[in-house]
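S.K.: Below is the file structure26.pdb, with PDB, C-alpha atoms.
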ATOM      1  CA  MET A 169     -35.060   3.996  50.667
ATOM      2  CA  LEU A 170     -35.861   7.210  52.440
ATOM      3  CA  ARG A 171     -38.653   5.405  54.232
ATOM      4  CA  ILE A 172     -36.401   2.703  55.552
ATOM      5  CA  PHE A 173     -34.159   5.470  56.784
ATOM      6  CA  TYR A 174     -37.011   7.148  58.593
ATOM      7  CA  THR A 175     -38.351   4.010  60.216
ATOM      8  CA  SER A 176     -34.970   2.825  61.377
ATOM      9  CA  GLY A 177     -34.308   6.306  62.715
ATOM     10  CA  LEU A 178     -37.572   6.143  64.626
ATOM     11  CA  THR A 179     -36.769   2.697  66.012
ATOM     12  CA  LEU A 180     -33.406   4.000  67.149
ATOM     13  CA  MET A 181     -35.071   6.889  68.925
ATOM     14  CA  ILE A 182     -37.504   4.587  70.679
ATOM     15  CA  VAL A 183     -34.732   2.229  71.745
ATOM     16  CA  ALA A 184     -32.692   5.183  73.016
ATOM     17  CA  GLY A 185     -35.735   6.446  74.901
ATOM     18  CA  LEU A 186     -36.241   3.088  76.568
ATOM     19  CA  ALA A 187     -32.600   2.864  77.512
ATOM     20  CA  ALA A 188     -32.862   6.189  79.351
ATOM     21  CA  GLN A 189     -35.385   4.694  81.809
ATOM     22  CA  PRO A 190     -34.087   3.299  85.116
ATOM     23  CA  ALA A 191     -32.771  -0.214  84.566
ATOM     24  CA  PHE A 192     -35.728  -2.042  86.116
ATOM     25  CA  ALA A 193     -38.639   0.378  86.303
ATOM     26  CA  GLU A 194     -41.585  -1.177  88.116
ATOM     27  CA  THR A 195     -44.856  -0.006  89.601
ATOM     28  CA  PRO A 196     -45.427   0.145  93.380
ATOM     29  CA  ASN A 197     -47.862  -2.743  93.000
ATOM     30  CA  GLN A 198     -45.257  -4.910  91.301
ATOM     31  CA  ILE A 199     -42.856  -4.139  94.115
ATOM     32  CA  LEU A 200     -45.557  -4.941  96.653
ATOM     33  CA  SER A 201     -46.200  -8.299  95.037
ATOM     34  CA  SER A 202     -42.542  -9.267  95.153
ATOM     35  CA  ILE A 203     -42.441  -8.316  98.843
ATOM     36  CA  GLN A 204     -45.525 -10.514  99.197
ATOM     37  CA  SER A 205     -43.816 -13.513  97.585
ATOM     38  CA  GLU A 206     -41.084 -13.118 100.174
ATOM     39  CA  ALA A 207     -43.560 -12.715 103.065
ATOM     40  CA  LYS A 208     -45.479 -15.827 102.009
ATOM     41  CA  THR A 209     -42.474 -17.999 102.740
ATOM     42  CA  VAL A 210     -43.019 -17.268 106.442
ATOM     43  CA  PRO A 211     -45.579 -19.720 107.947
ATOM     44  CA  GLY A 212     -48.794 -18.067 109.143
ATOM     45  CA  PHE A 213     -48.669 -15.133 106.711
ATOM     46  CA  GLN A 214     -52.148 -13.590 106.467
ATOM     47  CA  GLY A 215     -51.680 -10.672 104.132
ATOM     48  CA  PHE A 216     -50.693  -7.053 104.630
ATOM     49  CA  SER A 217     -52.498  -4.396 106.634
ATOM     50  CA  ALA A 218     -52.445  -0.646 105.963
ATOM     51  CA  GLU A 219     -53.453  -0.047 109.574
ATOM     52  CA  ARG A 220     -50.539  -2.057 110.939
ATOM     53  CA  GLY A 221     -48.275  -0.285 108.446
ATOM     54  CA  ALA A 222     -49.411   3.139 109.670
ATOM     55  CA  ILE A 223     -48.726   2.215 113.296
ATOM     56  CA  PHE A 224     -45.313   0.811 112.421
ATOM     57  CA  PHE A 225     -44.500   3.970 110.454
ATOM     58  CA  LYS A 226     -45.601   6.435 113.109
ATOM     59  CA  THR A 227     -44.237   4.891 116.297
ATOM     60  CA  GLN A 228     -40.758   4.706 117.735
ATOM     61  CA  HIS A 229     -39.046   1.352 118.018
ATOM     62  CA  GLY A 230     -36.742   1.952 120.961
ATOM     63  CA  LYS A 231     -34.494   4.398 119.112
ATOM     64  CA  GLU A 232     -34.274   8.153 118.651
ATOM     65  CA  PHE A 233     -36.183   8.337 115.358
ATOM     66  CA  SER A 234     -39.413   6.990 113.918
ATOM     67  CA  CYS A 235     -40.087   6.891 110.170
ATOM     68  CA  THR A 236     -42.051  10.128 110.583
ATOM     69  CA  SER A 237     -38.972  11.929 112.012
ATOM     70  CA  CYS A 238     -37.808  12.410 108.415
ATOM     71  CA  HIS A 239     -40.816  11.563 106.233
ATOM     72  CA  THR A 240     -43.276  13.434 108.537
ATOM     73  CA  GLU A 241     -46.808  12.399 109.535
ATOM     74  CA  ASN A 242     -48.058  13.444 106.112
ATOM     75  CA  THR A 243     -46.125  11.381 103.584
ATOM     76  CA  ALA A 244     -47.805  13.213 100.705
ATOM     77  CA  ALA A 245     -45.919  16.335 101.742
ATOM     78  CA  GLN A 246     -42.219  17.118 101.634
ATOM     79  CA  GLY A 247     -40.131  15.694 104.454
ATOM     80  CA  LYS A 248     -36.928  16.832 106.128
ATOM     81  CA  HIS A 249     -33.908  14.837 107.280
ATOM     82  CA  ALA A 250     -34.061  14.911 111.088
ATOM     83  CA  SER A 251     -30.324  15.322 111.612
ATOM     84  CA  THR A 252     -29.064  17.221 108.556
ATOM     85  CA  GLY A 253     -32.200  19.248 107.755
ATOM     86  CA  LYS A 254     -32.063  18.366 104.044
ATOM     87  CA  ALA A 255     -35.423  18.356 102.242
ATOM     88  CA  ILE A 256     -36.821  14.924 101.296
ATOM     89  CA  LEU A 257     -39.406  14.602  98.526
ATOM     90  CA  PRO A 258     -42.781  13.036  99.467
ATOM     91  CA  LEU A 259     -42.707   9.284 100.117
ATOM     92  CA  ALA A 260     -46.310   8.461  99.155
ATOM     93  CA  PRO A 261     -46.521   7.233  95.535
ATOM     94  CA  SER A 262     -49.662   9.356  95.005
ATOM     95  CA  ALA A 263     -47.567  12.489  95.543
ATOM     96  CA  ASN A 264     -44.306  11.341  93.963
ATOM     97  CA  ALA A 265     -44.395   9.076  90.913
ATOM     98  CA  GLU A 266     -40.753   8.074  91.313
ATOM     99  CA  ARG A 267     -41.367   6.319  94.621
ATOM    100  CA  PHE A 268     -41.388   2.535  94.677
ATOM    101  CA  SER A 269     -40.397   2.295  91.019
ATOM    102  CA  ASP A 270     -36.817   1.060  91.442
ATOM    103  CA  PRO A 271     -36.591  -2.191  93.457
ATOM    104  CA  ALA A 272     -32.880  -1.738  94.238
ATOM    105  CA  LYS A 273     -33.478   1.752  95.603
ATOM    106  CA  VAL A 274     -36.429   0.557  97.702
ATOM    107  CA  GLU A 275     -34.334  -2.275  99.184
ATOM    108  CA  LYS A 276     -31.384   0.021  99.866
ATOM    109  CA  TRP A 277     -33.466   2.505 101.842
ATOM    110  CA  PHE A 278     -35.550  -0.055 103.708
ATOM    111  CA  LYS A 279     -32.290  -1.602 104.904
ATOM    112  CA  ARG A 280     -30.741   1.718 105.934
ATOM    113  CA  ASN A 281     -33.799   3.275 107.512
ATOM    114  CA  CYS A 282     -34.931   0.128 109.328
ATOM    115  CA  ASN A 283     -31.440  -0.200 110.799
ATOM    116  CA  ASP A 284     -31.615   3.395 112.025
ATOM    117  CA  VAL A 285     -35.173   3.247 113.353
ATOM    118  CA  VAL A 286     -35.612  -0.367 114.485
ATOM    119  CA  GLY A 287     -31.994  -1.428 114.916
ATOM    120  CA  ARG A 288     -32.326  -4.304 112.436
ATOM    121  CA  VAL A 289     -33.527  -4.943 108.894
ATOM    122  CA  CYS A 290     -37.320  -5.032 108.483
ATOM    123  CA  ALA A 291     -39.192  -8.269 107.880
ATOM    124  CA  ALA A 292     -41.062  -8.655 104.582
ATOM    125  CA  GLN A 293     -44.283  -8.430 106.610
ATOM    126  CA  GLU A 294     -43.284  -5.009 107.950
ATOM    127  CA  LYS A 295     -42.185  -3.689 104.556
ATOM    128  CA  GLY A 296     -45.400  -4.928 102.948
ATOM    129  CA  ASP A 297     -47.523  -3.357 105.675
ATOM    130  CA  VAL A 298     -45.732  -0.025 105.254
ATOM    131  CA  LEU A 299     -46.073  -0.015 101.472
ATOM    132  CA  THR A 300     -49.742  -1.032 101.724
ATOM    133  CA  TYR A 301     -50.250   1.901 104.077
ATOM    134  CA  LEU A 302     -48.345   4.341 101.826
ATOM    135  CA  LEU A 303     -50.502   3.266  98.873
ATOM    136  CA  THR A 304     -53.617   4.395 100.798
ATOM    137  CA  VAL A 305     -52.225   7.900 101.361
ATOM    138  CA  LYS A 306     -53.984  10.388  99.103
ATOM    139  CA  LYS A 307     -52.395  13.461  97.659
TER     140      LYS A 307
ATOM    141  CA  MET B1175       4.829  50.937 138.403
ATOM    142  CA  LEU B1176       2.524  52.061 135.666
ATOM    143  CA  ILE B1177       5.171  51.391 133.067
ATOM    144  CA  HIS B1178       5.627  47.972 134.521
ATOM    145  CA  TYR B1179       1.967  47.111 133.980
ATOM    146  CA  GLN B1180       2.096  48.409 130.461
ATOM    147  CA  ASN B1181       5.042  46.176 129.731
ATOM    148  CA  LEU B1182       3.221  43.215 131.158
ATOM    149  CA  PHE B1183       0.190  43.960 129.000
ATOM    150  CA  HIS B1184       2.380  44.234 125.987
ATOM    151  CA  ALA B1185       4.039  40.947 126.776
ATOM    152  CA  ILE B1186       0.680  39.220 127.146
ATOM    153  CA  ALA B1187      -0.600  40.716 123.919
ATOM    154  CA  VAL B1188       2.473  39.516 122.057
ATOM    155  CA  ALA B1189       2.181  36.066 123.585
ATOM    156  CA  VAL B1190      -1.505  35.747 122.672
ATOM    157  CA  PHE B1191      -0.801  36.931 119.156
ATOM    158  CA  ALA B1192       2.068  34.482 118.777
ATOM    159  CA  MET B1193      -0.126  31.640 120.016
ATOM    160  CA  GLY B1194      -2.702  32.506 117.436
ATOM    161  CA  MET B1195      -0.160  32.601 114.655
ATOM    162  CA  ALA B1196       1.958  29.619 115.540
ATOM    163  CA  MET B1197       0.348  26.599 114.002
ATOM    164  CA  PRO B1198       1.675  23.145 114.624
ATOM    165  CA  ALA B1199       3.284  21.982 111.398
ATOM    166  CA  ALA B1200       0.755  19.186 110.939
ATOM    167  CA  GLN B1201      -2.133  21.639 111.020
ATOM    168  CA  ALA B1202      -0.615  24.050 108.530
ATOM    169  CA  ALA B1203      -0.215  21.078 106.222
ATOM    170  CA  GLU B1204      -3.932  20.217 106.290
ATOM    171  CA  GLN B1205      -4.805  22.113 103.128
ATOM    172  CA  ARG B1206      -7.862  21.680 100.981
ATOM    173  CA  GLY B1207      -7.246  20.797  97.344
ATOM    174  CA  LYS B1208      -7.226  22.983  94.270
ATOM    175  CA  PRO B1209      -9.559  22.621  92.486
ATOM    176  CA  LEU B1210     -12.045  21.383  95.066
ATOM    177  CA  GLN B1211     -14.125  19.584  92.491
ATOM    178  CA  PRO B1212     -13.050  18.311  89.059
ATOM    179  CA  ALA B1213     -14.969  19.405  85.948
ATOM    180  CA  GLN B1214     -15.908  15.774  85.267
ATOM    181  CA  ILE B1215     -17.943  14.457  88.180
ATOM    182  CA  ASN B1216     -19.041  10.894  88.801
ATOM    183  CA  ALA B1217     -22.816  10.463  88.480
ATOM    184  CA  LYS B1218     -23.047   7.695  91.086
ATOM    185  CA  TRP B1219     -21.197   9.831  93.641
ATOM    186  CA  LYS B1220     -23.499  12.771  92.946
ATOM    187  CA  GLN B1221     -26.595  10.607  93.320
ATOM    188  CA  GLU B1222     -25.608   8.514  96.329
ATOM    189  CA  CYS B1223     -23.754  11.085  98.401
ATOM    190  CA  SER B1224     -26.326  13.853  98.079
ATOM    191  CA  SER B1225     -29.434  12.163  99.484
ATOM    192  CA  CYS B1226     -28.912  13.142 103.130
ATOM    193  CA  HIS B1227     -26.685  16.225 102.696
ATOM    194  CA  ILE B1228     -24.924  17.960  99.810
ATOM    195  CA  ALA B1229     -22.325  15.824  98.030
ATOM    196  CA  TYR B1230     -19.144  17.189  99.632
ATOM    197  CA  ALA B1231     -16.514  18.048  97.013
ATOM    198  CA  PRO B1232     -13.663  15.491  96.941
ATOM    199  CA  GLY B1233     -10.921  18.122  97.359
ATOM    200  CA  LEU B1234     -12.187  18.985 100.845
ATOM    201  CA  LEU B1235     -10.430  15.939 102.369
ATOM    202  CA  PRO B1236      -7.285  13.886 101.685
ATOM    203  CA  ALA B1237      -7.497  10.450 100.029
ATOM    204  CA  GLU B1238      -6.986   8.577 103.300
ATOM    205  CA  SER B1239      -9.988  10.341 104.873
ATOM    206  CA  TRP B1240     -12.182   9.308 101.955
ATOM    207  CA  ARG B1241     -10.993   5.710 102.286
ATOM    208  CA  LYS B1242     -11.993   5.793 105.958
ATOM    209  CA  VAL B1243     -15.387   7.417 105.271
ATOM    210  CA  MET B1244     -16.149   4.925 102.507
ATOM    211  CA  GLY B1245     -14.972   2.012 104.665
ATOM    212  CA  GLY B1246     -17.499   2.805 107.405
ATOM    213  CA  LEU B1247     -20.717   3.646 105.590
ATOM    214  CA  ASP B1248     -22.789   1.149 107.578
ATOM    215  CA  ASN B1249     -22.203   3.350 110.623
ATOM    216  CA  HIS B1250     -21.777   6.772 109.045
ATOM    217  CA  PHE B1251     -21.948   9.479 111.722
ATOM    218  CA  GLY B1252     -24.656   7.528 113.513
ATOM    219  CA  THR B1253     -26.654   6.558 110.441
ATOM    220  CA  ASP B1254     -26.669   3.600 108.047
ATOM    221  CA  ALA B1255     -25.514   4.845 104.624
ATOM    222  CA  SER B1256     -24.366   1.456 103.334
ATOM    223  CA  LEU B1257     -23.893   0.807  99.624
ATOM    224  CA  ALA B1258     -23.503  -2.253  97.423
ATOM    225  CA  THR B1259     -19.821  -3.157  96.920
ATOM    226  CA  GLU B1260     -19.619  -2.122  93.277
ATOM    227  CA  GLU B1261     -21.215   1.281  93.975
ATOM    228  CA  SER B1262     -18.860   1.835  96.868
ATOM    229  CA  THR B1263     -15.810   0.874  94.803
ATOM    230  CA  GLU B1264     -16.737   3.259  91.997
ATOM    231  CA  ILE B1265     -17.394   6.174  94.377
ATOM    232  CA  THR B1266     -14.220   5.535  96.400
ATOM    233  CA  ARG B1267     -12.179   5.622  93.190
ATOM    234  CA  PHE B1268     -13.679   9.005  92.239
ATOM    235  CA  LEU B1269     -13.138  10.510  95.703
ATOM    236  CA  VAL B1270      -9.593   9.202  96.118
ATOM    237  CA  SER B1271      -8.399  10.281  92.681
ATOM    238  CA  ASN B1272      -9.791  13.804  93.195
ATOM    239  CA  ALA B1273      -8.911  14.188  96.877
ATOM    240  CA  SER B1274      -6.977  17.184  98.200
ATOM    241  CA  ASN B1275      -3.687  17.530  96.317
ATOM    242  CA  ARG B1276      -2.209  19.917  98.882
ATOM    243  CA  TRP B1277      -2.660  17.888 102.084
ATOM    244  CA  SER B1278       0.970  17.361 103.069
ATOM    245  CA  THR B1279       0.620  15.418 106.317
ATOM    246  CA  SER B1280      -0.565  11.954 107.256
ATOM    247  CA  THR B1281      -3.525  13.193 109.347
ATOM    248  CA  ALA B1282      -6.849  11.932 108.006
ATOM    249  CA  PRO B1283      -9.876  13.376 109.849
ATOM    250  CA  LEU B1284     -13.283  11.807 109.208
ATOM    251  CA  ARG B1285     -14.920  15.203 109.096
ATOM    252  CA  ILE B1286     -14.173  18.139 106.806
ATOM    253  CA  THR B1287     -15.148  20.375 109.704
ATOM    254  CA  GLU B1288     -12.327  18.909 111.854
ATOM    255  CA  GLY B1289      -9.576  19.854 109.430
ATOM    256  CA  ALA B1290      -7.199  22.723 110.226
ATOM    257  CA  TRP B1291      -7.973  24.654 107.026
ATOM    258  CA  PHE B1292     -11.685  24.540 107.842
ATOM    259  CA  LYS B1293     -11.173  25.936 111.320
ATOM    260  CA  ARG B1294      -8.819  28.591 109.960
ATOM    261  CA  GLU B1295     -11.290  29.783 107.307
ATOM    262  CA  HIS B1296     -14.175  29.840 109.767
ATOM    263  CA  SER B1297     -12.648  31.583 112.771
ATOM    264  CA  GLY B1298     -12.930  35.089 111.353
ATOM    265  CA  ARG B1299     -15.206  38.014 112.023
ATOM    266  CA  GLU B1300     -17.887  36.755 109.633
ATOM    267  CA  THR B1301     -18.421  33.511 111.519
ATOM    268  CA  PRO B1302     -18.611  34.364 115.238
ATOM    269  CA  PRO B1303     -19.417  31.429 117.576
ATOM    270  CA  ALA B1304     -23.114  32.413 117.761
ATOM    271  CA  VAL B1305     -23.566  31.858 114.029
ATOM    272  CA  TRP B1306     -23.233  28.066 114.396
ATOM    273  CA  LYS B1307     -26.139  28.032 116.844
ATOM    274  CA  ASN B1308     -28.502  29.758 114.401
ATOM    275  CA  PRO B1309     -31.259  27.235 113.516
ATOM    276  CA  LEU B1310     -30.816  28.221 109.860
ATOM    277  CA  VAL B1311     -27.240  26.950 110.082
ATOM    278  CA  LYS B1312     -27.791  24.059 112.513
ATOM    279  CA  SER B1313     -24.325  22.564 112.086
ATOM    280  CA  PRO B1314     -20.965  23.543 110.496
ATOM    281  CA  SER B1315     -21.493  20.525 108.200
ATOM    282  CA  ASN B1316     -24.373  22.434 106.568
ATOM    283  CA  CYS B1317     -22.087  24.253 104.132
ATOM    284  CA  GLN B1318     -24.966  25.372 101.915
ATOM    285  CA  ALA B1319     -26.500  27.400 104.768
ATOM    286  CA  CYS B1320     -23.833  30.018 103.943
ATOM    287  CA  HIS B1321     -22.198  28.857 100.700
ATOM    288  CA  THR B1322     -25.094  29.179  98.292
ATOM    289  CA  ARG B1323     -23.362  27.093  95.591
ATOM    290  CA  ALA B1324     -21.771  24.491  97.872
ATOM    291  CA  GLU B1325     -23.492  21.608  96.091
ATOM    292  CA  PHE B1326     -21.535  22.504  92.960
ATOM    293  CA  GLY B1327     -18.252  22.532  94.880
ATOM    294  CA  ASP B1328     -18.169  26.341  94.674
ATOM    295  CA  PHE B1329     -17.091  28.021  97.932
ATOM    296  CA  SER B1330     -15.858  31.283  96.432
ATOM    297  CA  GLU B1331     -16.253  34.456  98.467
ATOM    298  CA  SER B1332     -18.734  35.912  95.991
ATOM    299  CA  ASN B1333     -21.196  33.121  96.822
ATOM    300  CA  ILE B1334     -21.243  33.387 100.609
ATOM    301  CA  LYS B1335     -24.266  34.652 102.468
ATOM    302  CA  VAL B1336     -24.253  34.048 106.226
ATOM    303  CA  PRO B1337     -27.859  33.916 107.544
ATOM    304  CA  GLU B1338     -28.765  36.718 109.962
TER     305      GLU B1338
END
Starting from the coordinates I provided, produce the structure as structure tokens.

M.R.:
Amino acid sequence: MLRIFYTSGLTLMIVAGLAAQPAFAETPNQILSSIQSEAKTVPGFQGFSAERGAIFFKTQHGKEFSCTSCHTENTAAQGKHASTGKAILPLAPSANAERFSDPAKVEKWFKRNCNDVVGRVCAAQEKGDVLTYLLTVKK
Amino acid sequence: MLIHYQNLFHAIAVAVFAMGMAMPAAQAAEQRGKPLQPAQINAKWKQECSSCHIAYAPGLLPAESWRKVMGGLDNHFGTDASLATEESTEITRFLVSNASNRWSTSTAPLRITEGAWFKREHSGRETPPAVWKNPLVKSPSNCQACHTRAEFGDFSESNIKVPE
């Protein structure tokens, strides 16, 4: 009897522990592969490039800010919001385990930041290139 | 002649003083709420509205201002801060139901820093014009540069430290 009590208690604890995780926790690679499925629907897709991602990330696209204006050149280090000055935790997954683990959050910020920096939403190709680049950044 | 000048000076001084005191009715009615922040805060508001700046306490603005702010998040002071509809609805409800309860006029500024009470509180000796140009302050919107507990909705005098 006592044993059943214990085991069910344990199960409850495990279930509660799981429930405390973000709703759809994923790894950066899982997120990359869903971006890839989207990119593949565009004819002529030839894979992602970290080099292209780095250039996209570091250059301006006709507007005031580039991605580095807030996330800095070194994405393994802390960034700073270019207009408000608020600190931003590192963007590279190697330096911040929470990055690219919540697909909804990733989509939300790609939309916002691409609108601010490029003046439109980013294509799957661009997002995949950027994430491929960020995955090469070492701590 | 001398007396004449003195009188003139006096008159000017009185006029300047009166101008400073007389506040258009609408401005006197722009009062921040009490309390500024309820004990029970909404987790989504805290998370979503604190990623680019501190989450500004709901009592800092009237309900109509919050409706306007929340209605224009895709172009929010020059940046895209858009949210999914259900997130936006939940946050708007929290802000509107805890908005300033002492704002007795129909004015609804988009910025806290445009409100009459804000200007009144920040025109004293402790905040001379030069203070706003200090790089450690950057902008009046950076409440936490001086109010060390601003992110908890605490603006009490005991927690103010203006950077030198």

S.K.: Give the residues of chain B that lie within 10 Å of chain A; count only C-alpha atoms, and format the answer as an MDAnalysis selection string.

M.R.: chainID B and resid 1224:1228 1248:1249 1252:1258 1309:1313 1315:1316

S.K.: Please list as an MDAnalysis selection string every residue within 10 Å of Ala291 (chain A), counting all atoms listed in the file and excluding residues in the same chain fewer than 6 positions away.

M.R.: chainID A and resid 203 206:207 210 278 282 297

S.K.: In Å, rounded to a single decimal, give me how far CA of Leu299 (chain A) is from CA of Ala218 (chain A).

M.R.: 7.8 Å

S.K.: Suppose you want the space between CA of Ser1278 (chain B) and CA of Ala1203 (chain B); what is it in Å?

M.R.: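 It comes out at 5.0 Å.
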
S.K.: For Phe233 (chain A), which of A:Ala292, A:Leu257, A:Val286, A:Leu302 is the closest residue, counting all atoms listed in the file?

M.R.: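 Of A:Ala292, A:Leu257, A:Val286, A:Leu302, the one nearest Phe233 (chain A), counting all atoms listed in the file, is A:Val286.
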
S.K.: Per residue of region 1280-1304 of chain B within 12 Å of region 1317-1330 of chain B, what are the shortest atom pair and its distance in Å to one decimal, counting all atoms listed in the file, with rows by chain and residue number, as a tab-separated table?

M.R.:
residue	atom	partner	partner_atom	distance
B:Ile1286	CA	B:Cys1317	CA	10.4
B:Thr1287	CA	B:Cys1317	CA	9.7
B:Phe1292	CA	B:Cys1317	CA	11.0
B:Glu1295	CA	B:Phe1329	CA	11.2
B:His1296	CA	B:Cys1317	CA	11.2
B:Glu1300	CA	B:Cys1320	CA	10.6
B:Thr1301	CA	B:Cys1320	CA	9.9

S.K.: So what do you get for CA of Ala244 (chain A) versus CA of Lys307 (chain A), distance-wise?

M.R.: 5.5 Å

S.K.: In terms of the shortest atom-to-atom distance over only C-alpha atoms, which of A:Leu259, A:Glu294, A:Glu219, A:Lys273 is closest to Thr236 (chain A)?

M.R.: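 Distance minimum relative to Thr236 (chain A) lands on A:Leu259.
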
S.K.: Expand the PyMOL selection byres ((chain A and resi 226) around 10) into the explicit residue set it covers here, and present it as a list in words.

M.R.: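 Given this file, the PyMOL selection byres ((chain A and resi 226) around 10) evaluates to Gly221, Ala222, Ile223, Phe224, Phe225, Thr227, Gln228, His229, Phe233, Ser234, Cys235, Thr236, Ser237, His239, Thr240 and Glu241 of chain A.
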
S.K.: Output C-alpha atoms for every residue in the selection just made, as a CSV table (one decimal), in the frame of the given file.

M.R.:
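Contents of again.csv, freshly written:
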chain,number,residue,atom,x,y,z
A,221,GLY,CA,-48.3,-0.3,108.4
A,222,ALA,CA,-49.4,3.1,109.7
A,223,ILE,CA,-48.7,2.2,113.3
A,224,PHE,CA,-45.3,0.8,112.4
A,225,PHE,CA,-44.5,4.0,110.5
A,227,THR,CA,-44.2,4.9,116.3
A,228,GLN,CA,-40.8,4.7,117.7
A,229,HIS,CA,-39.0,1.4,118.0
A,233,PHE,CA,-36.2,8.3,115.4
A,234,SER,CA,-39.4,7.0,113.9
A,235,CYS,CA,-40.1,6.9,110.2
A,236,THR,CA,-42.1,10.1,110.6
A,237,SER,CA,-39.0,11.9,112.0
A,239,HIS,CA,-40.8,11.6,106.2
A,240,THR,CA,-43.3,13.4,108.5
A,241,GLU,CA,-46.8,12.4,109.5

S.K.: Can you spell out as a PyMOL selection string the set of residues that the PyMOL selection byres ((chain B and resi 1240) around 12) selects in the structure I just provided?

M.R.: chain B and resi 1230-1239+1241-1247+1262-1263+1265-1274+1282-1286

S.K.: Taking (-50.7, -8.5, 105.8) in the file's own coordinates, collect the residues within 8 Å, counting only C-alpha atoms, and hand them back as number ranges by chain.

M.R.: A: 213-217, 293, 296-297
